[in-house]
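Structure file final.cif with mmCIF, C-alpha atoms:
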```
data_coords
loop_
_atom_site.group_PDB
_atom_site.id
_atom_site.type_symbol
_atom_site.label_atom_id
_atom_site.label_comp_id
_atom_site.auth_asym_id
_atom_site.auth_seq_id
_atom_site.Cartn_x
_atom_site.Cartn_y
_atom_site.Cartn_z
ATOM 1 C CA MET A 1 15.469 -0.603 -42.021
ATOM 2 C CA LYS A 2 16.860 0.389 -45.411
ATOM 3 C CA ALA A 3 15.016 0.019 -48.690
ATOM 4 C CA PHE A 4 16.254 -2.601 -51.153
ATOM 5 C CA PRO A 5 18.485 -1.345 -53.990
ATOM 6 C CA PRO A 6 16.472 -0.374 -57.114
ATOM 7 C CA LYS A 7 17.161 -3.605 -59.045
ATOM 8 C CA GLU A 8 16.110 -5.759 -56.105
ATOM 9 C CA ARG A 9 12.940 -3.716 -55.653
ATOM 10 C CA GLN A 10 12.109 -4.154 -59.324
ATOM 11 C CA GLY A 11 12.549 -7.911 -58.929
ATOM 12 C CA VAL A 12 9.950 -7.995 -56.145
ATOM 13 C CA TYR A 13 7.429 -5.992 -58.158
ATOM 14 C CA ARG A 14 8.145 -8.021 -61.303
ATOM 15 C CA ALA A 15 7.313 -11.220 -59.442
ATOM 16 C CA ILE A 16 4.058 -9.665 -58.201
ATOM 17 C CA LEU A 17 2.977 -8.326 -61.603
ATOM 18 C CA SER A 18 3.946 -11.417 -63.631
ATOM 19 C CA ARG A 19 2.630 -14.075 -61.222
ATOM 20 C CA ARG A 20 -0.019 -16.187 -62.925
ATOM 21 C CA ASP A 21 -2.377 -19.019 -62.027
ATOM 22 C CA VAL A 22 -0.755 -21.720 -64.179
ATOM 23 C CA ARG A 23 -2.603 -24.721 -65.622
ATOM 24 C CA ALA A 24 -0.208 -26.080 -68.271
ATOM 25 C CA PHE A 25 3.097 -27.589 -67.163
ATOM 26 C CA ARG A 26 6.135 -29.198 -68.744
ATOM 27 C CA PRO A 27 7.070 -32.666 -67.467
ATOM 28 C CA ASP A 28 10.495 -31.553 -66.173
ATOM 29 C CA PRO A 29 10.960 -32.529 -62.510
ATOM 30 C CA VAL A 30 11.309 -29.867 -59.825
ATOM 31 C CA PRO A 31 14.689 -30.283 -58.067
ATOM 32 C CA PRO A 32 14.256 -31.021 -54.339
ATOM 33 C CA VAL A 33 16.511 -28.096 -53.421
ATOM 34 C CA LEU A 34 14.189 -25.757 -55.328
ATOM 35 C CA LEU A 35 11.051 -27.148 -53.709
ATOM 36 C CA ALA A 36 12.746 -26.758 -50.342
ATOM 37 C CA ARG A 37 13.379 -23.076 -51.073
ATOM 38 C CA LEU A 38 9.694 -22.537 -51.890
ATOM 39 C CA LEU A 39 8.585 -24.239 -48.684
ATOM 40 C CA HIS A 40 11.138 -22.218 -46.734
ATOM 41 C CA ALA A 41 9.662 -19.027 -48.220
ATOM 42 C CA ALA A 42 6.155 -20.157 -47.290
ATOM 43 C CA HIS A 43 7.221 -20.998 -43.744
ATOM 44 C CA HIS A 44 8.475 -17.426 -43.365
ATOM 45 C CA GLY A 45 5.089 -15.944 -44.189
ATOM 46 C CA PRO A 46 3.578 -13.586 -41.620
ATOM 47 C CA SER A 47 1.225 -15.149 -39.105
ATOM 48 C CA VAL A 48 -0.948 -13.580 -36.440
ATOM 49 C CA GLY A 49 0.486 -14.227 -32.990
ATOM 50 C CA PHE A 50 3.335 -16.136 -34.681
ATOM 51 C CA MET A 51 0.966 -19.119 -34.695
ATOM 52 C CA GLN A 52 2.406 -20.617 -37.930
ATOM 53 C CA PRO A 53 -0.745 -22.677 -38.487
ATOM 54 C CA TRP A 54 0.354 -24.263 -41.771
ATOM 55 C CA ASN A 55 1.403 -27.774 -42.769
ATOM 56 C CA PHE A 56 2.451 -28.911 -46.247
ATOM 57 C CA ILE A 57 1.604 -32.223 -47.914
ATOM 58 C CA VAL A 58 3.887 -32.810 -50.918
ATOM 59 C CA ILE A 59 2.154 -35.107 -53.415
ATOM 60 C CA THR A 60 4.102 -36.907 -56.130
ATOM 61 C CA ASP A 61 2.235 -40.236 -56.222
ATOM 62 C CA THR A 62 0.404 -40.640 -59.536
ATOM 63 C CA ALA A 63 -2.423 -42.658 -58.019
ATOM 64 C CA VAL A 64 -3.157 -39.945 -55.462
ATOM 65 C CA LYS A 65 -3.105 -37.281 -58.175
ATOM 66 C CA GLN A 66 -5.517 -39.325 -60.278
ATOM 67 C CA ARG A 67 -8.009 -39.592 -57.420
ATOM 68 C CA VAL A 68 -7.884 -35.869 -56.778
ATOM 69 C CA HIS A 69 -8.187 -35.154 -60.496
ATOM 70 C CA ALA A 70 -11.274 -37.366 -60.748
ATOM 71 C CA MET A 71 -12.912 -35.284 -58.026
ATOM 72 C CA VAL A 72 -12.025 -32.040 -59.808
ATOM 73 C CA THR A 73 -13.393 -33.321 -63.119
ATOM 74 C CA ARG A 74 -16.667 -34.265 -61.460
ATOM 75 C CA GLU A 75 -16.982 -30.950 -59.613
ATOM 76 C CA LYS A 76 -16.136 -28.925 -62.723
ATOM 77 C CA GLU A 77 -19.049 -30.460 -64.573
ATOM 78 C CA SER A 78 -21.334 -29.941 -61.589
ATOM 79 C CA ALA A 79 -20.344 -26.265 -61.426
ATOM 80 C CA ALA A 80 -21.267 -25.762 -65.089
ATOM 81 C CA SER A 81 -24.872 -25.330 -63.947
ATOM 82 C CA ASP A 82 -23.835 -21.992 -62.407
ATOM 83 C CA PHE A 83 -23.541 -20.523 -65.918
ATOM 84 C CA GLN A 84 -25.861 -20.130 -68.866
ATOM 85 C CA GLY A 85 -25.605 -20.275 -72.659
ATOM 86 C CA GLU A 86 -22.335 -19.255 -74.267
ATOM 87 C CA ARG A 87 -20.744 -18.551 -70.893
ATOM 88 C CA ARG A 88 -21.339 -22.166 -69.885
ATOM 89 C CA ASP A 89 -19.667 -23.362 -73.100
ATOM 90 C CA VAL A 90 -16.656 -21.139 -72.432
ATOM 91 C CA TYR A 91 -16.467 -22.411 -68.863
ATOM 92 C CA ARG A 92 -16.479 -26.043 -69.988
ATOM 93 C CA SER A 93 -13.666 -25.321 -72.460
ATOM 94 C CA LEU A 94 -11.372 -23.897 -69.778
ATOM 95 C CA LYS A 95 -8.521 -25.963 -68.397
ATOM 96 C CA LEU A 96 -8.923 -25.422 -64.655
ATOM 97 C CA ASP A 97 -6.188 -27.638 -63.261
ATOM 98 C CA GLY A 98 -2.783 -29.137 -63.996
ATOM 99 C CA ILE A 99 -2.936 -31.909 -61.422
ATOM 100 C CA LEU A 100 -1.745 -34.746 -63.654
ATOM 101 C CA GLU A 101 0.843 -32.722 -65.573
ATOM 102 C CA ALA A 102 2.500 -30.885 -62.681
ATOM 103 C CA PRO A 103 5.339 -32.892 -61.119
ATOM 104 C CA ILE A 104 4.442 -31.551 -57.665
ATOM 105 C CA ASN A 105 1.032 -31.204 -56.077
ATOM 106 C CA LEU A 106 0.987 -29.460 -52.717
ATOM 107 C CA CYS A 107 -1.805 -29.310 -50.176
ATOM 108 C CA VAL A 108 -1.438 -26.465 -47.670
ATOM 109 C CA THR A 109 -3.457 -26.922 -44.493
ATOM 110 C CA CYS A 110 -4.441 -24.935 -41.423
ATOM 111 C CA ASP A 111 -4.291 -26.188 -37.843
ATOM 112 C CA PRO A 112 -6.832 -24.045 -35.945
ATOM 113 C CA THR A 113 -5.585 -25.388 -32.585
ATOM 114 C CA ARG A 114 -1.903 -24.573 -32.922
ATOM 115 C CA PHE A 115 -0.541 -22.833 -29.808
ATOM 116 C CA ASP A 116 -4.012 -22.726 -28.267
ATOM 117 C CA PRO A 117 -5.173 -21.435 -25.902
ATOM 118 C CA GLY A 118 -4.475 -17.742 -25.997
ATOM 119 C CA VAL A 119 -2.942 -16.916 -29.387
ATOM 120 C CA ILE A 120 -2.120 -13.209 -29.498
ATOM 121 C CA GLY A 121 -4.351 -11.312 -31.932
ATOM 122 C CA ARG A 122 -7.033 -13.972 -32.293
ATOM 123 C CA HIS A 123 -9.330 -12.929 -29.454
ATOM 124 C CA THR A 124 -11.803 -11.096 -31.684
ATOM 125 C CA ILE A 125 -11.113 -12.508 -35.173
ATOM 126 C CA ARG A 126 -10.872 -16.282 -35.002
ATOM 127 C CA GLU A 127 -10.229 -16.676 -38.733
ATOM 128 C CA THR A 128 -6.785 -15.084 -38.559
ATOM 129 C CA ASP A 129 -5.288 -18.584 -38.713
ATOM 130 C CA PHE A 130 -6.709 -19.013 -42.240
ATOM 131 C CA PHE A 131 -5.580 -15.514 -43.201
ATOM 132 C CA SER A 132 -2.067 -16.416 -42.056
ATOM 133 C CA VAL A 133 -2.008 -19.582 -44.177
ATOM 134 C CA CYS A 134 -2.957 -17.496 -47.221
ATOM 135 C CA CYS A 135 0.034 -15.237 -46.554
ATOM 136 C CA ALA A 136 2.290 -18.311 -46.570
ATOM 137 C CA ILE A 137 0.774 -19.405 -49.885
ATOM 138 C CA GLU A 138 1.438 -16.003 -51.442
ATOM 139 C CA ASN A 139 5.054 -16.153 -50.268
ATOM 140 C CA LEU A 140 5.462 -19.524 -51.966
ATOM 141 C CA TRP A 141 3.744 -18.299 -55.143
ATOM 142 C CA LEU A 142 5.972 -15.254 -55.540
ATOM 143 C CA ALA A 143 9.110 -17.252 -54.765
ATOM 144 C CA ALA A 144 8.056 -19.784 -57.399
ATOM 145 C CA ARG A 145 7.613 -17.046 -60.000
ATOM 146 C CA ALA A 146 11.079 -15.683 -59.218
ATOM 147 C CA GLU A 147 12.475 -19.209 -59.724
ATOM 148 C CA GLY A 148 10.689 -19.627 -63.075
ATOM 149 C CA LEU A 149 8.154 -22.071 -61.668
ATOM 150 C CA GLY A 150 4.412 -21.907 -62.148
ATOM 151 C CA VAL A 151 1.745 -22.441 -59.489
ATOM 152 C CA GLY A 152 -1.929 -23.194 -60.023
ATOM 153 C CA TRP A 153 -4.525 -23.098 -57.236
ATOM 154 C CA VAL A 154 -7.179 -25.811 -57.694
ATOM 155 C CA SER A 155 -10.469 -24.809 -56.093
ATOM 156 C CA LEU A 156 -12.922 -27.370 -57.509
ATOM 157 C CA LEU A 157 -12.597 -29.697 -54.521
ATOM 158 C CA ARG A 158 -14.765 -31.063 -51.739
ATOM 159 C CA THR A 159 -12.955 -30.465 -48.456
ATOM 160 C CA GLU A 160 -14.274 -33.560 -46.684
ATOM 161 C CA GLU A 161 -13.384 -35.793 -49.634
ATOM 162 C CA LEU A 162 -9.907 -34.296 -49.926
ATOM 163 C CA CYS A 163 -9.300 -34.903 -46.225
ATOM 164 C CA GLU A 164 -10.233 -38.549 -46.707
ATOM 165 C CA LEU A 165 -8.011 -38.937 -49.778
ATOM 166 C CA LEU A 166 -4.979 -37.385 -48.055
ATOM 167 C CA ALA A 167 -5.651 -38.830 -44.576
ATOM 168 C CA ILE A 168 -5.882 -35.346 -43.083
ATOM 169 C CA PRO A 169 -7.029 -35.657 -39.456
ATOM 170 C CA GLN A 170 -9.500 -33.412 -37.674
ATOM 171 C CA PRO A 171 -9.411 -30.541 -36.901
ATOM 172 C CA ILE A 172 -6.854 -29.817 -39.663
ATOM 173 C CA VAL A 173 -8.441 -28.009 -42.646
ATOM 174 C CA PRO A 174 -7.047 -27.977 -46.212
ATOM 175 C CA VAL A 175 -6.811 -24.389 -47.440
ATOM 176 C CA ALA A 176 -5.163 -24.760 -50.851
ATOM 177 C CA TYR A 177 -4.384 -27.514 -53.319
ATOM 178 C CA LEU A 178 -1.573 -26.275 -55.553
ATOM 179 C CA CYS A 179 0.022 -27.588 -58.746
ATOM 180 C CA ILE A 180 3.715 -26.708 -59.057
ATOM 181 C CA GLY A 181 6.097 -27.163 -61.966
ATOM 182 C CA TYR A 182 7.802 -25.529 -64.907
ATOM 183 C CA PRO A 183 5.063 -23.823 -66.946
ATOM 184 C CA VAL A 184 4.583 -24.024 -70.678
ATOM 185 C CA GLY A 185 4.739 -20.222 -70.448
ATOM 186 C CA PHE A 186 3.719 -17.143 -68.495
ATOM 187 C CA THR A 187 1.047 -15.039 -70.178
ATOM 188 C CA ASP A 188 1.112 -11.241 -70.226
ATOM 189 C CA ARG A 189 -2.279 -11.112 -68.528
ATOM 190 C CA PRO A 190 -4.378 -13.569 -66.511
ATOM 191 C CA LEU A 191 -6.262 -15.983 -68.763
ATOM 192 C CA LEU A 192 -9.726 -14.950 -67.584
ATOM 193 C CA GLU A 193 -8.893 -11.321 -68.290
ATOM 194 C CA THR A 194 -7.516 -12.207 -71.731
ATOM 195 C CA ILE A 195 -10.617 -14.113 -72.832
ATOM 196 C CA GLY A 196 -12.948 -11.428 -71.491
ATOM 197 C CA TRP A 197 -14.420 -13.521 -68.672
ATOM 198 C CA ALA A 198 -13.816 -10.680 -66.218
ATOM 199 C CA PRO A 199 -12.108 -7.275 -66.482
ATOM 200 C CA ARG A 200 -9.255 -5.907 -64.415
ATOM 201 C CA LEU A 201 -11.014 -3.574 -62.003
ATOM 202 C CA ASP A 202 -9.928 0.045 -61.779
ATOM 203 C CA LEU A 203 -7.839 0.329 -58.609
ATOM 204 C CA ALA A 204 -8.868 3.964 -58.114
ATOM 205 C CA GLU A 205 -12.482 2.829 -57.750
ATOM 206 C CA LEU A 206 -11.546 0.367 -54.997
ATOM 207 C CA ILE A 207 -9.856 2.867 -52.661
ATOM 208 C CA SER A 208 -11.560 5.051 -50.077
ATOM 209 C CA MET A 209 -10.045 7.655 -47.787
ATOM 210 C CA ASN A 210 -10.782 7.493 -44.038
ATOM 211 C CA ILE A 211 -14.323 6.091 -44.452
ATOM 212 C CA TRP A 212 -16.044 3.790 -46.955
ATOM 213 C CA GLY A 213 -16.563 5.765 -50.152
ATOM 214 C CA GLY A 214 -14.498 8.732 -48.969
ATOM 215 C CA ARG A 215 -12.762 10.438 -51.894
ATOM 216 C CA GLU A 216 -11.387 13.607 -50.362
ATOM 217 C CA GLY A 217 -7.601 13.642 -50.456
ATOM 218 C CA MET A 218 -7.225 11.056 -53.246
ATOM 219 C CA ALA A 219 -6.011 13.435 -55.960
ATOM 220 C CA ASP A 220 -2.312 13.009 -55.177
ATOM 221 C CA LEU A 221 -2.633 9.222 -55.013
ATOM 222 C CA VAL A 222 -4.663 8.518 -58.142
ATOM 223 C CA GLY A 223 -1.974 9.614 -60.584
ATOM 224 C CA HIS A 224 0.396 6.941 -59.273
ATOM 225 C CA LEU A 225 -1.949 3.942 -59.356
ATOM 226 C CA GLY A 226 -1.034 2.497 -62.754
ATOM 227 C CA GLU A 227 0.701 -0.896 -62.799
ATOM 228 C CA GLY A 228 3.815 0.679 -64.289
ATOM 229 C CA GLY A 229 4.021 2.932 -61.267
ATOM 230 C CA MET A 230 4.969 -0.078 -59.155
ATOM 231 C CA LEU A 231 8.292 -0.239 -60.971
ATOM 232 C CA LYS A 232 9.227 3.437 -60.713
#
```

Could you write out this file's structure as structure tokens?
Amino acid sequence: MKAFPPKERQGVYRAILSRRDVRAFRPDPVPPVLLARLLHAAHHGPSVGFMQPWNFIVITDTAVKQRVHAMVTREKESAASDFQGERRDVYRSLKLDGILEAPINLCVTCDPTRFDPGVIGRHTIRETDFFSVCCAIENLWLAARAEGLGVGWVSLLRTEELCELLAIPQPIVPVAYLCIGYPVGFTDRPLLETIGWAPRLDLAELISMNIWGGREGMADLVGHLGEGGMLK
């Protein structure tokens, strides 16, 4: 299998490095052909045992969005108790969803029974179905960035309540609730890094060689770990 030409490789890495969790969207509609391309990319994500455990609920109904948004608003305020002092004030000021602004909301689910019994690769690690769904989500996210679309993952949700709102049957499990649309803009860095909520961790400190904490043999690798190195 041949490597992509240099310009195509740079496009892949550019999508990875400039992907952002988007919260502010323009009202422009997403053309159906473009949404179809994103779903096609997601459906070609890798899955353990080729189980393809995902389903996609495309949400455009304003009333449904409003009900989900009401849940998020409630849960955001509840979660404020996790923080103290100034950090709590900063948390409350953050815009953590774009549910009402984004023209498309998308719920990505996992079917833990698909192709049961006997899915290859799931004998010892049952959760590989959820891991596979996350790979599909990343495919969609990177494809969206390449198309100039923004994606925001909304995590302030109660799974049982979301299932009721979207009529999701058991044993299907919602994995991600995404907002999709044309963003107001893409920032140079993630918002939480920009405002100092959390730093970008040093990649060199997160890598071990052969065993946990092993450092022997890392010298040749460390010099190539900068973000710019991905584009060389």

Take the PyMOL selection byres ((chain A and resi 34-45) around 6), apply it to the structure above, and return the hits as a PyMOL selection string.
-> chain A and resi 31-33+46+135-136+139-140

For the residues selected in the previous step, produce a file with C-alpha atoms as an mmCIF file, in the frame of the given file.
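Saved file part-v3.cif follows:
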```cif
data_model
loop_
_atom_site.group_PDB
_atom_site.id
_atom_site.type_symbol
_atom_site.label_atom_id
_atom_site.label_comp_id
_atom_site.auth_asym_id
_atom_site.auth_seq_id
_atom_site.Cartn_x
_atom_site.Cartn_y
_atom_site.Cartn_z
ATOM 1 C CA PRO A 31 14.689 -30.283 -58.067
ATOM 2 C CA PRO A 32 14.256 -31.021 -54.339
ATOM 3 C CA VAL A 33 16.511 -28.096 -53.421
ATOM 4 C CA PRO A 46 3.578 -13.586 -41.620
ATOM 5 C CA CYS A 135 0.034 -15.237 -46.554
ATOM 6 C CA ALA A 136 2.290 -18.311 -46.570
ATOM 7 C CA ASN A 139 5.054 -16.153 -50.268
ATOM 8 C CA LEU A 140 5.462 -19.524 -51.966
#
```

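Nearest to Met51 in chain A of all the residues A:Asp111, A:Glu86, A:Asp97, A:Asp28 is A:Asp111, counting all atoms listed in the file.
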
Find the residue from A:Trp197, A:Leu178, A:Met209, A:Thr109 that sits nearest to Asp89 in chain A; use only C-alpha atoms when measuring.
-> A:Trp197

Non-local contacts of Arg26 in chain A (9 Å; only C-alpha atoms; under 4 positions in same chain excluded) as a PyMOL selection string | chain A and resi 101-103+181-184

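The closest residue to Glu127 in chain A, picked from A:Pro112, A:Pro171, A:Arg67, A:Asp202 and counting all atoms listed in the file, is A:Pro112.
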
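Our summary of the geometry notes that CA of Gln66 in chain A is positioned 15.1 Å from CA of Arg158 in chain A.
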
Care to translate the PyMOL selection byres ((chain A and resi 120) around 9) into actual residues of this file, as a PyMOL selection string?
-> chain A and resi 48-51+118-119+121-123

Determine the residue membership of the PyMOL selection byres ((chain A and resi 157) around 7) for the file above and supply it as a PyMOL selection string.
-> chain A and resi 71-72+75+155-156+158-159

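Between CA of Val30 in chain A and CA of Arg189 in chain A there is a distance of 24.7 Å.
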
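The environment of Arg92 in chain A within 9 Å, counting all atoms listed in the file and disregarding residues fewer than 3 places along the same chain, consists of Lys76, Glu77, Ala80, Arg87, Arg88, Asp89 and Lys95 of chain A.
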
Could you complete range 154-177 of chain A so that it carries N, CA and C atoms, and give it back as an mmCIF file, in the frame of the given file?
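The resulting file, out-v1.cif, is reproduced below:
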```
data_model
loop_
_atom_site.group_PDB
_atom_site.id
_atom_site.type_symbol
_atom_site.label_atom_id
_atom_site.label_comp_id
_atom_site.auth_asym_id
_atom_site.auth_seq_id
_atom_site.Cartn_x
_atom_site.Cartn_y
_atom_site.Cartn_z
ATOM 1 N N VAL A 154 -6.009 -25.024 -57.285
ATOM 2 C CA VAL A 154 -7.179 -25.811 -57.694
ATOM 3 C C VAL A 154 -8.265 -25.637 -56.645
ATOM 4 N N SER A 155 -9.414 -25.102 -57.055
ATOM 5 C CA SER A 155 -10.469 -24.809 -56.093
ATOM 6 C C SER A 155 -11.695 -25.708 -56.241
ATOM 7 N N LEU A 156 -11.753 -26.510 -57.283
ATOM 8 C CA LEU A 156 -12.922 -27.370 -57.509
ATOM 9 C C LEU A 156 -12.777 -28.666 -56.721
ATOM 10 N N LEU A 157 -12.821 -28.561 -55.408
ATOM 11 C CA LEU A 157 -12.597 -29.697 -54.521
ATOM 12 C C LEU A 157 -13.645 -29.716 -53.417
ATOM 13 N N ARG A 158 -13.926 -30.889 -52.915
ATOM 14 C CA ARG A 158 -14.765 -31.063 -51.739
ATOM 15 C C ARG A 158 -13.837 -31.309 -50.551
ATOM 16 N N THR A 159 -13.894 -30.411 -49.563
ATOM 17 C CA THR A 159 -12.955 -30.465 -48.456
ATOM 18 C C THR A 159 -12.983 -31.805 -47.734
ATOM 19 N N GLU A 160 -14.177 -32.306 -47.425
ATOM 20 C CA GLU A 160 -14.274 -33.560 -46.684
ATOM 21 C C GLU A 160 -13.665 -34.714 -47.479
ATOM 22 N N GLU A 161 -13.916 -34.732 -48.783
ATOM 23 C CA GLU A 161 -13.384 -35.793 -49.634
ATOM 24 C C GLU A 161 -11.865 -35.692 -49.743
ATOM 25 N N LEU A 162 -11.353 -34.476 -49.855
ATOM 26 C CA LEU A 162 -9.907 -34.296 -49.926
ATOM 27 C C LEU A 162 -9.242 -34.759 -48.633
ATOM 28 N N CYS A 163 -9.845 -34.449 -47.505
ATOM 29 C CA CYS A 163 -9.300 -34.903 -46.225
ATOM 30 C C CYS A 163 -9.216 -36.421 -46.179
ATOM 31 N N GLU A 164 -10.238 -37.085 -46.701
ATOM 32 C CA GLU A 164 -10.233 -38.549 -46.707
ATOM 33 C C GLU A 164 -9.140 -39.079 -47.634
ATOM 34 N N LEU A 165 -9.015 -38.484 -48.813
ATOM 35 C CA LEU A 165 -8.011 -38.937 -49.778
ATOM 36 C C LEU A 165 -6.592 -38.783 -49.246
ATOM 37 N N LEU A 166 -6.340 -37.690 -48.518
ATOM 38 C CA LEU A 166 -4.979 -37.385 -48.055
ATOM 39 C C LEU A 166 -4.767 -37.743 -46.587
ATOM 40 N N ALA A 167 -5.743 -38.407 -45.979
ATOM 41 C CA ALA A 167 -5.651 -38.830 -44.576
ATOM 42 C C ALA A 167 -5.385 -37.656 -43.644
ATOM 43 N N ILE A 168 -6.040 -36.541 -43.916
ATOM 44 C CA ILE A 168 -5.882 -35.346 -43.083
ATOM 45 C C ILE A 168 -6.781 -35.480 -41.862
ATOM 46 N N PRO A 169 -6.218 -35.444 -40.655
ATOM 47 C CA PRO A 169 -7.029 -35.657 -39.456
ATOM 48 C C PRO A 169 -7.783 -34.392 -39.053
ATOM 49 N N GLN A 170 -8.839 -34.560 -38.304
ATOM 50 C CA GLN A 170 -9.500 -33.412 -37.674
ATOM 51 C C GLN A 170 -8.638 -32.918 -36.515
ATOM 52 N N PRO A 171 -8.620 -31.601 -36.263
ATOM 53 C CA PRO A 171 -9.411 -30.541 -36.901
ATOM 54 C C PRO A 171 -8.656 -29.820 -38.010
ATOM 55 N N ILE A 172 -7.625 -30.454 -38.596
ATOM 56 C CA ILE A 172 -6.854 -29.817 -39.663
ATOM 57 C C ILE A 172 -7.747 -29.573 -40.877
ATOM 58 N N VAL A 173 -7.601 -28.396 -41.507
ATOM 59 C CA VAL A 173 -8.441 -28.009 -42.646
ATOM 60 C C VAL A 173 -7.551 -27.709 -43.855
ATOM 61 N N PRO A 174 -7.789 -28.352 -45.000
ATOM 62 C CA PRO A 174 -7.047 -27.977 -46.212
ATOM 63 C C PRO A 174 -7.491 -26.604 -46.701
ATOM 64 N N VAL A 175 -6.524 -25.744 -46.968
ATOM 65 C CA VAL A 175 -6.811 -24.389 -47.440
ATOM 66 C C VAL A 175 -6.566 -24.267 -48.938
ATOM 67 N N ALA A 176 -5.492 -24.879 -49.427
ATOM 68 C CA ALA A 176 -5.163 -24.760 -50.851
ATOM 69 C C ALA A 176 -4.595 -26.065 -51.372
ATOM 70 N N TYR A 177 -4.995 -26.399 -52.592
ATOM 71 C CA TYR A 177 -4.384 -27.514 -53.319
ATOM 72 C C TYR A 177 -3.697 -26.897 -54.523
#
```
